[in-house]
$ cat input-v2.pdb   # PDB, C-alpha atoms
ATOM      1  CA  MET Z  25       0.000   0.000   0.000
ATOM      2  CA  GLN Z  26       2.904   2.386   0.719
ATOM      3  CA  GLU Z  27       4.005   2.016  -2.903
ATOM      4  CA  ILE Z  28       0.621   3.289  -4.089
ATOM      5  CA  LEU Z  29       0.842   6.345  -1.806
ATOM      6  CA  LYS Z  30       4.432   6.989  -2.899
ATOM      7  CA  HIS Z  31       3.656   6.981  -6.621
ATOM      8  CA  PHE Z  32       0.200   8.577  -6.365
ATOM      9  CA  PRO Z  33       0.518  11.134  -3.541
ATOM     10  CA  ASN Z  34      -2.557  13.193  -4.440
ATOM     11  CA  LEU Z  35      -5.225  10.616  -3.617
ATOM     12  CA  THR Z  36      -8.352  11.697  -1.768
ATOM     13  CA  GLU Z  37      -9.242  10.154   1.606
ATOM     14  CA  VAL Z  38     -11.879   8.040  -0.127
ATOM     15  CA  GLN Z  39      -9.355   6.708  -2.672
ATOM     16  CA  VAL Z  40      -6.789   5.913   0.042
ATOM     17  CA  ALA Z  41      -9.450   3.974   1.963
ATOM     18  CA  GLN Z  42     -10.515   2.109  -1.191
ATOM     19  CA  PHE Z  43      -6.954   1.126  -2.121
ATOM     20  CA  ALA Z  44      -6.301   0.046   1.474
ATOM     21  CA  LYS Z  45      -9.396  -2.164   1.436
ATOM     22  CA  LEU Z  46      -8.333  -4.030  -1.722
ATOM     23  CA  GLU Z  47      -6.116  -6.512   0.117
ATOM     24  CA  GLU Z  48      -8.857  -7.538   2.553
ATOM     25  CA  LEU Z  49     -11.432  -7.878  -0.233
ATOM     26  CA  TYR Z  50      -9.210  -9.904  -2.552
ATOM     27  CA  LYS Z  51      -8.063 -12.236   0.225
ATOM     28  CA  GLU Z  52     -11.680 -12.771   1.225
ATOM     29  CA  TRP Z  53     -12.827 -13.469  -2.347
ATOM     30  CA  ASN Z  54      -9.737 -15.496  -3.223
ATOM     31  CA  ALA Z  55     -10.537 -17.903  -0.398
ATOM     32  CA  LYS Z  56     -13.881 -18.633  -2.111
ATOM     33  CA  ILE Z  57     -12.927 -18.324  -5.785
ATOM     34  CA  ASN Z  58      -9.240 -18.548  -6.656
ATOM     35  CA  VAL Z  59      -8.435 -15.781  -9.152
ATOM     36  CA  ILE Z  60      -4.980 -14.759  -7.899
ATOM     37  CA  SER Z  61      -2.136 -17.183  -7.126
ATOM     38  CA  ARG Z  62      -1.066 -17.521  -3.475
ATOM     39  CA  LYS Z  63       2.336 -16.043  -4.313
ATOM     40  CA  ASP Z  64       0.776 -13.049  -6.069
ATOM     41  CA  ILE Z  65      -1.824 -12.340  -3.387
ATOM     42  CA  ASP Z  66       1.080 -11.521  -1.029
ATOM     43  CA  GLU Z  67       2.405  -9.118  -3.672
ATOM     44  CA  LEU Z  68      -1.030  -7.735  -4.554
ATOM     45  CA  TYR Z  69      -0.107  -4.053  -4.417
ATOM     46  CA  THR Z  70       3.002  -4.392  -6.591
ATOM     47  CA  ARG Z  71       2.110  -7.111  -9.095
ATOM     48  CA  HIS Z  72      -1.541  -6.259  -9.600
ATOM     49  CA  VAL Z  73      -2.535  -2.823  -8.270
ATOM     50  CA  LEU Z  74       0.584  -0.802  -9.106
ATOM     51  CA  HIS Z  75       1.022  -2.706 -12.375
ATOM     52  CA  SER Z  76      -2.536  -1.751 -13.366
ATOM     53  CA  LEU Z  77      -1.859   1.868 -12.440
ATOM     54  CA  GLY Z  78       1.057   1.918 -14.878
ATOM     55  CA  ILE Z  79      -1.590   2.900 -17.431
ATOM     56  CA  ALA Z  80      -2.311   6.016 -15.342
ATOM     57  CA  LYS Z  81       1.331   7.112 -15.749
ATOM     58  CA  VAL Z  82       0.698   7.260 -19.491
ATOM     59  CA  MET Z  83      -2.943   8.367 -19.635
ATOM     60  CA  GLU Z  84      -5.159  10.506 -17.425
ATOM     61  CA  PHE Z  85      -8.711   9.496 -18.296
ATOM     62  CA  LYS Z  86     -11.159  12.392 -18.510
ATOM     63  CA  PRO Z  87     -14.452  12.587 -16.602
ATOM     64  CA  GLY Z  88     -17.202  10.986 -18.682
ATOM     65  CA  ALA Z  89     -14.784   8.883 -20.745
ATOM     66  CA  HIS Z  90     -15.654   5.242 -21.440
ATOM     67  CA  VAL Z  91     -13.023   2.529 -20.981
ATOM     68  CA  MET Z  92     -13.397  -1.226 -21.553
ATOM     69  CA  ASP Z  93     -11.165  -3.743 -19.773
ATOM     70  CA  VAL Z  94     -11.022  -6.961 -21.823
ATOM     71  CA  GLY Z  95     -10.167 -10.223 -20.052
ATOM     72  CA  THR Z  96     -10.210  -8.442 -16.705
ATOM     73  CA  GLY Z  97      -9.677 -11.633 -14.673
ATOM     74  CA  GLY Z  98     -10.043 -10.583 -11.042
ATOM     75  CA  GLY Z  99     -10.462  -6.942 -12.038
ATOM     76  CA  PHE Z 100      -7.090  -5.804 -13.356
ATOM     77  CA  PRO Z 101      -6.366  -3.246 -14.612
ATOM     78  CA  GLY Z 102      -9.988  -2.044 -14.398
ATOM     79  CA  ILE Z 103     -10.608  -1.896 -10.630
ATOM     80  CA  PRO Z 104      -7.491   0.115  -9.645
ATOM     81  CA  LEU Z 105      -8.076   2.478 -12.575
ATOM     82  CA  ALA Z 106     -11.721   2.919 -11.554
ATOM     83  CA  ILE Z 107     -10.601   3.937  -8.053
ATOM     84  CA  LEU Z 108      -8.108   6.432  -9.473
ATOM     85  CA  PHE Z 109     -10.564   7.884 -12.023
ATOM     86  CA  PRO Z 110     -13.950   7.907 -10.240
ATOM     87  CA  GLU Z 111     -15.621  10.037 -12.928
ATOM     88  CA  THR Z 112     -14.618   7.726 -15.790
ATOM     89  CA  ASN Z 113     -16.909   4.843 -16.782
ATOM     90  CA  PHE Z 114     -15.301   1.386 -16.734
ATOM     91  CA  TYR Z 115     -16.774  -1.695 -18.393
ATOM     92  CA  LEU Z 116     -14.988  -4.882 -17.284
ATOM     93  CA  ILE Z 117     -15.537  -8.126 -19.188
ATOM     94  CA  ASP Z 118     -14.262 -11.688 -18.994
ATOM     95  CA  VAL Z 119     -15.493 -14.969 -20.464
ATOM     96  CA  ILE Z 120     -15.243 -16.738 -17.094
ATOM     97  CA  ALA Z 121     -18.310 -16.196 -14.903
ATOM     98  CA  LYS Z 122     -16.615 -16.808 -11.544
ATOM     99  CA  LYS Z 123     -14.031 -14.102 -12.264
ATOM    100  CA  ILE Z 124     -16.786 -11.599 -13.011
ATOM    101  CA  LYS Z 125     -18.462 -12.601  -9.738
ATOM    102  CA  VAL Z 126     -15.265 -11.619  -7.901
ATOM    103  CA  VAL Z 127     -15.043  -8.323  -9.801
ATOM    104  CA  GLN Z 128     -18.644  -7.480  -8.979
ATOM    105  CA  GLY Z 129     -18.076  -8.361  -5.315
ATOM    106  CA  VAL Z 130     -14.937  -6.240  -5.057
ATOM    107  CA  ALA Z 131     -16.548  -3.268  -6.839
ATOM    108  CA  GLU Z 132     -19.541  -3.496  -4.502
ATOM    109  CA  GLY Z 133     -17.290  -3.807  -1.445
ATOM    110  CA  LEU Z 134     -15.450  -0.637  -2.475
ATOM    111  CA  GLY Z 135     -18.638   1.251  -3.322
ATOM    112  CA  LEU Z 136     -17.502   1.856  -6.907
ATOM    113  CA  LYS Z 137     -20.368   3.362  -8.898
ATOM    114  CA  ASN Z 138     -18.355   3.696 -12.120
ATOM    115  CA  VAL Z 139     -17.791  -0.034 -12.731
ATOM    116  CA  ASN Z 140     -20.002  -2.359 -14.759
ATOM    117  CA  ALA Z 141     -18.790  -5.973 -15.013
ATOM    118  CA  GLU Z 142     -20.232  -8.665 -17.282
ATOM    119  CA  GLN Z 143     -19.401 -12.152 -18.500
ATOM    120  CA  LYS Z 144     -18.880 -11.473 -22.192
ATOM    121  CA  ARG Z 145     -16.553 -11.941 -25.148
ATOM    122  CA  ALA Z 146     -15.061  -8.750 -26.558
ATOM    123  CA  GLU Z 147     -16.271  -9.619 -30.068
ATOM    124  CA  THR Z 148     -19.906  -9.519 -28.916
ATOM    125  CA  VAL Z 149     -19.743  -6.072 -27.286
ATOM    126  CA  ASN Z 150     -21.752  -3.535 -29.273
ATOM    127  CA  LYS Z 151     -20.527  -0.243 -27.783
ATOM    128  CA  ASP Z 152     -17.848   2.357 -28.497
ATOM    129  CA  PHE Z 153     -15.062   3.333 -26.084
ATOM    130  CA  ASP Z 154     -12.416   6.029 -25.819
ATOM    131  CA  PHE Z 155      -9.879   3.403 -24.780
ATOM    132  CA  ILE Z 156      -9.686  -0.353 -24.415
ATOM    133  CA  VAL Z 157      -7.317  -1.626 -21.735
ATOM    134  CA  SER Z 158      -6.043  -5.102 -20.977
ATOM    135  CA  ARG Z 159      -3.262  -7.038 -19.327
ATOM    136  CA  ALA Z 160      -1.605  -9.482 -21.712
ATOM    137  CA  VAL Z 161      -4.617 -11.672 -22.468
ATOM    138  CA  THR Z 162      -3.301 -12.605 -25.924
ATOM    139  CA  ASN Z 163      -0.914 -11.364 -28.624
ATOM    140  CA  MET Z 164      -1.641  -7.900 -29.974
ATOM    141  CA  PRO Z 165      -2.692  -8.885 -33.538
ATOM    142  CA  ASP Z 166      -5.403 -11.188 -32.168
ATOM    143  CA  PHE Z 167      -6.477  -8.632 -29.584
ATOM    144  CA  VAL Z 168      -6.921  -5.981 -32.273
ATOM    145  CA  VAL Z 169      -9.253  -8.348 -34.161
ATOM    146  CA  TRP Z 170     -11.338  -8.803 -31.003
ATOM    147  CA  VAL Z 171     -11.837  -5.063 -30.402
ATOM    148  CA  ARG Z 172     -11.838  -3.616 -33.923
ATOM    149  CA  GLY Z 173     -14.784  -1.275 -34.555
ATOM    150  CA  LYS Z 174     -15.299  -0.433 -30.866
ATOM    151  CA  ILE Z 175     -13.356   2.848 -30.710
ATOM    152  CA  LYS Z 176     -15.101   6.231 -30.448
ATOM    153  CA  LYS Z 177     -14.623   8.801 -33.185
ATOM    154  CA  GLU Z 178     -14.431  11.860 -30.904
ATOM    155  CA  GLN Z 179     -10.961  12.485 -29.483
ATOM    156  CA  ASN Z 180     -10.868  14.023 -25.985
ATOM    157  CA  HIS Z 181      -7.508  12.915 -24.618
ATOM    158  CA  ASP Z 182      -3.849  13.766 -25.180
ATOM    159  CA  LEU Z 183      -3.220  10.364 -26.765
ATOM    160  CA  PRO Z 184      -5.324   9.207 -29.724
ATOM    161  CA  ASN Z 185      -8.177   6.833 -28.891
ATOM    162  CA  GLY Z 186      -7.231   3.162 -29.013
ATOM    163  CA  ILE Z 187      -5.664   0.375 -26.943
ATOM    164  CA  LEU Z 188      -3.580   0.675 -23.764
ATOM    165  CA  TYR Z 189      -2.068  -2.757 -23.183
ATOM    166  CA  LEU Z 190       0.087  -3.980 -20.287
ATOM    167  CA  LYS Z 191       2.677  -6.475 -21.479
ATOM    168  CA  GLY Z 192       6.239  -7.569 -20.754
ATOM    169  CA  GLY Z 193       9.260  -8.857 -22.641
ATOM    170  CA  ASP Z 194      10.493  -8.202 -26.155
ATOM    171  CA  LEU Z 195       7.529  -7.090 -28.256
ATOM    172  CA  THR Z 196       9.423  -6.202 -31.435
ATOM    173  CA  GLU Z 197       8.112  -9.062 -33.558
ATOM    174  CA  GLU Z 198       4.579  -8.964 -32.144
ATOM    175  CA  LEU Z 199       4.159  -5.247 -32.853
ATOM    176  CA  ALA Z 200       5.997  -5.141 -36.189
ATOM    177  CA  VAL Z 201       2.767  -5.002 -38.216
ATOM    178  CA  PHE Z 202       1.518  -1.853 -36.448
ATOM    179  CA  GLN Z 203       2.531   1.674 -37.397
ATOM    180  CA  ARG Z 204       0.754   3.816 -34.798
ATOM    181  CA  VAL Z 205       2.231   2.160 -31.726
ATOM    182  CA  THR Z 206       4.188   3.647 -28.798
ATOM    183  CA  LEU Z 207       5.891   1.776 -25.949
ATOM    184  CA  TYR Z 208       6.231   3.174 -22.430
ATOM    185  CA  ASN Z 209       8.639   1.358 -20.082
ATOM    186  CA  LEU Z 210       7.170   0.984 -16.603
ATOM    187  CA  SER Z 211      10.708   0.866 -15.204
ATOM    188  CA  ASP Z 212      10.805   4.619 -15.959
ATOM    189  CA  TYR Z 213       8.051   5.134 -13.381
ATOM    190  CA  PHE Z 214       8.412   2.306 -10.828
ATOM    191  CA  GLU Z 215      11.648   1.070  -9.194
ATOM    192  CA  ASP Z 216      10.652  -2.483  -8.250
ATOM    193  CA  GLU Z 217      12.489  -5.127 -10.332
ATOM    194  CA  PHE Z 218       9.100  -6.652 -11.223
ATOM    195  CA  PHE Z 219       8.681  -3.768 -13.710
ATOM    196  CA  GLU Z 220      12.067  -4.226 -15.413
ATOM    197  CA  THR Z 221      10.618  -5.559 -18.681
ATOM    198  CA  LYS Z 222       7.012  -4.415 -18.239
ATOM    199  CA  LYS Z 223       5.505  -1.903 -20.645
ATOM    200  CA  VAL Z 224       2.363  -0.006 -21.519
ATOM    201  CA  VAL Z 225       1.696  -0.377 -25.244
ATOM    202  CA  HIS Z 226      -0.405   2.385 -26.788
ATOM    203  CA  LEU Z 227      -1.915   1.518 -30.151
ATOM    204  CA  ALA Z 228      -3.937   4.268 -31.830
ATOM    205  CA  MET Z 229      -6.974   2.855 -33.617
ATOM    206  CA  LYS Z 230      -9.247   4.355 -36.201
ATOM    207  CA  TYR Z 231     -12.978   4.685 -35.706
ATOM    208  CA  LYS Z 232     -15.019   1.821 -37.211
ATOM    209  CA  VAL Z 233     -12.205   0.416 -39.331
TER
END
$ encode --input "input-v2.pdb" --output "structure tokens"
Amino acid sequence: MQEILKHFPNLTEVQVAQFAKLEELYKEWNAKINVISRKDIDELYTRHVLHSLGIAKVMEFKPGAHVMDVGTGGGFPGIPLAILFPETNFYLIDVIAKKIKVVQGVAEGLGLKNVNAEQKRAETVNKDFDFIVSRAVTNMPDFVVWVRGKIKKEQNHDLPNGILYLKGGDLTEELAVFQRVTLYNLSDYFEDEFFETKKVVHLAMKYKV
């Protein structure tokens, strides 16, 4: 939790309380429905919460913006981002029902009014979003196929509308087919060795193409 306060010092009292409550909620839910490994639950704030907030070092979502988290698992990166941006609308989806049950339980436990979570495949979503976020659910070419045609036309942010993807390792080959792509190294923002090879990938996407 101290890492969150160190890297995001301007949190409100409500946000601090919500971030602090995450550990209790996830341990409680994880005992019923295992969505986070035992090793990772002990490193929740670094490997899940702070990792998710890496996107916030690259993008400050505007009030009223719409963001979809595809393959959210236990709620990452969507839940931490929803705490940090309470006036942004987050739509979290996963194909596994029990994971969505955890997400809904955590969101309710935190009192998050800006989170909607559903069991759904990205290809079946019929809405437009400013940004689509995810944490390494598949390779980027396949992911782009899943979410193509779901990007809003109106641009309201500093970065062009599109995908913000958390991924690690050497992405040269995987991203070679894309022209409008930018990589942000999380090691530039966070000191922990966990972030050494971790990146935020921003891929600008055209509206309805």
$ residues_around --input "input-v2.pdb" --residues "region 71-88 of chain Z" --least-positions-apart "6" --cutoff "9 Å" --atoms "only C-alpha atoms" --output "MDAnalysis selection string"
chainID Z and resid 27:28 31 43 46 64:65 100:105 108:113 155 157 159 180:183 188:190 208 210 213:214 218:219 222:224 226
$ residues_around --input "input-v2.pdb" --residues "region 91-95 of chain Z" --least-positions-apart "3" --cutoff "10 Å" --atoms "all atoms listed in the file" --output "ChimeraX atom specification"
/Z:85,88,98-103,105-106,112-120,123-124,139-141,143-146,149,151-162,167,170-171,174-175,186-189
$ residues_around --input "input-v2.pdb" --residues "Gln203 (chain Z)" --least-positions-apart "6" --cutoff "12 Å" --atoms "only C-alpha atoms" --output "VMD selection string"
chain Z and resid 226 to 229
$ atom_distance --input "input-v2.pdb" --atom1 "CA of Phe32 (chain Z)" --atom2 "CA of Leu68 (chain Z)"
16.5 Å
$ atom_distance --input "input-v2.pdb" --atom1 "CA of Ser211 (chain Z)" --atom2 "CA of Gly192 (chain Z)"
11.0 Å
$ axis_aligned_box --input "input-v2.pdb" --around "region 46-64 of chain Z" --padding-each-side "3 Å" --output "JSON"
{"center_x": -5.8, "center_y": -11.3, "center_z": -3.3, "size_x": 22.2, "size_y": 20.6, "size_z": 17.7}
$ atom_distance --input "input-v2.pdb" --atom1 "CA of Val59 (chain Z)" --atom2 "CA of Pro33 (chain Z)"
28.9 Å
$ resolve_selection --input "input-v2.pdb" --expression "the PyMOL selection byres ((chain Z and resi 42) around 10)" --output "MDAnalysis selection string"
chainID Z and resid 36:41 43:47 104 107:108 131 133:136
$ residues_around --input "input-v2.pdb" --residues "Trp53 (chain Z)" --least-positions-apart "6" --cutoff "9 Å" --atoms "only C-alpha atoms" --output "NGL selection string"
:Z and (59 or 126 or 129-130)
$ closest_residue --input "input-v2.pdb" --among "Z:Gly173, Z:Pro184, Z:Gly193, Z:Gly97" --to "Val205 (chain Z)" --atoms "only C-alpha atoms"
Z:Pro184
$ closest_residue --input "input-v2.pdb" --among "Z:Asp194, Z:Arg62, Z:Thr70, Z:Val225" --to "Leu207 (chain Z)" --atoms "all atoms listed in the file"
Z:Val225
$ closest_residue --input "input-v2.pdb" --among "Z:Ala121, Z:Thr206, Z:Thr221, Z:Lys230" --to "Arg172 (chain Z)" --atoms "only C-alpha atoms"
Z:Lys230
$ closest_residue --input "input-v2.pdb" --among "Z:Ala200, Z:Leu195, Z:Met164, Z:Met25" --to "Glu67 (chain Z)" --atoms "all atoms listed in the file"
Z:Met25
$ decode --input "input-v2.pdb" --residues "region 91-107 of chain Z" --atoms "N, CA, C and O atoms" --output "short mmCIF file (atom, residue, chain, number, x, y, z; two decimals), in the first residue's frame"
data_model
loop_
_atom_site.label_atom_id
_atom_site.label_comp_id
_atom_site.auth_asym_id
_atom_site.auth_seq_id
_atom_site.Cartn_x
_atom_site.Cartn_y
_atom_site.Cartn_z
N VAL Z 91 -14.18 3.42 -20.85
CA VAL Z 91 -13.02 2.53 -20.98
C VAL Z 91 -13.48 1.09 -20.78
O VAL Z 91 -14.19 0.78 -19.82
N MET Z 92 -13.08 0.20 -21.70
CA MET Z 92 -13.40 -1.23 -21.55
C MET Z 92 -12.14 -2.00 -21.19
O MET Z 92 -11.09 -1.81 -21.81
N ASP Z 93 -12.25 -2.86 -20.19
CA ASP Z 93 -11.16 -3.74 -19.77
C ASP Z 93 -11.51 -5.15 -20.25
O ASP Z 93 -12.45 -5.77 -19.75
N VAL Z 94 -10.75 -5.66 -21.21
CA VAL Z 94 -11.02 -6.96 -21.82
C VAL Z 94 -10.19 -8.05 -21.15
O VAL Z 94 -8.98 -7.92 -21.01
N GLY Z 95 -10.87 -9.14 -20.74
CA GLY Z 95 -10.17 -10.22 -20.05
C GLY Z 95 -9.69 -9.76 -18.69
O GLY Z 95 -8.54 -9.99 -18.31
N THR Z 96 -10.57 -9.11 -17.96
CA THR Z 96 -10.21 -8.44 -16.70
C THR Z 96 -9.75 -9.39 -15.61
O THR Z 96 -9.09 -8.97 -14.67
N GLY Z 97 -10.08 -10.68 -15.72
CA GLY Z 97 -9.68 -11.63 -14.67
C GLY Z 97 -10.33 -11.25 -13.35
O GLY Z 97 -11.54 -11.12 -13.25
N GLY Z 98 -9.52 -11.00 -12.34
CA GLY Z 98 -10.04 -10.58 -11.04
C GLY Z 98 -10.32 -9.10 -10.94
O GLY Z 98 -10.65 -8.60 -9.86
N GLY Z 99 -10.16 -8.37 -12.06
CA GLY Z 99 -10.46 -6.94 -12.04
C GLY Z 99 -9.28 -6.04 -12.33
O GLY Z 99 -9.25 -4.88 -11.93
N PHE Z 100 -8.30 -6.59 -13.05
CA PHE Z 100 -7.09 -5.80 -13.36
C PHE Z 100 -6.89 -5.69 -14.86
O PHE Z 100 -6.99 -6.70 -15.55
N PRO Z 101 -6.64 -4.49 -15.34
CA PRO Z 101 -6.37 -3.25 -14.61
C PRO Z 101 -7.58 -2.42 -14.22
O PRO Z 101 -7.45 -1.36 -13.61
N GLY Z 102 -8.80 -2.89 -14.52
CA GLY Z 102 -9.99 -2.04 -14.40
C GLY Z 102 -10.30 -1.50 -13.02
O GLY Z 102 -10.60 -0.30 -12.86
N ILE Z 103 -10.22 -2.34 -11.98
CA ILE Z 103 -10.61 -1.90 -10.63
C ILE Z 103 -9.68 -0.79 -10.10
O ILE Z 103 -10.16 0.27 -9.67
N PRO Z 104 -8.35 -0.98 -10.12
CA PRO Z 104 -7.49 0.11 -9.64
C PRO Z 104 -7.67 1.41 -10.44
O PRO Z 104 -7.65 2.51 -9.86
N LEU Z 105 -7.86 1.28 -11.75
CA LEU Z 105 -8.08 2.48 -12.58
C LEU Z 105 -9.40 3.15 -12.23
O LEU Z 105 -9.50 4.39 -12.22
N ALA Z 106 -10.41 2.36 -11.92
CA ALA Z 106 -11.72 2.92 -11.55
C ALA Z 106 -11.65 3.67 -10.23
O ALA Z 106 -12.35 4.67 -10.03
N ILE Z 107 -10.81 3.20 -9.31
CA ILE Z 107 -10.60 3.94 -8.05
C ILE Z 107 -9.92 5.27 -8.34
O ILE Z 107 -10.32 6.32 -7.82
#
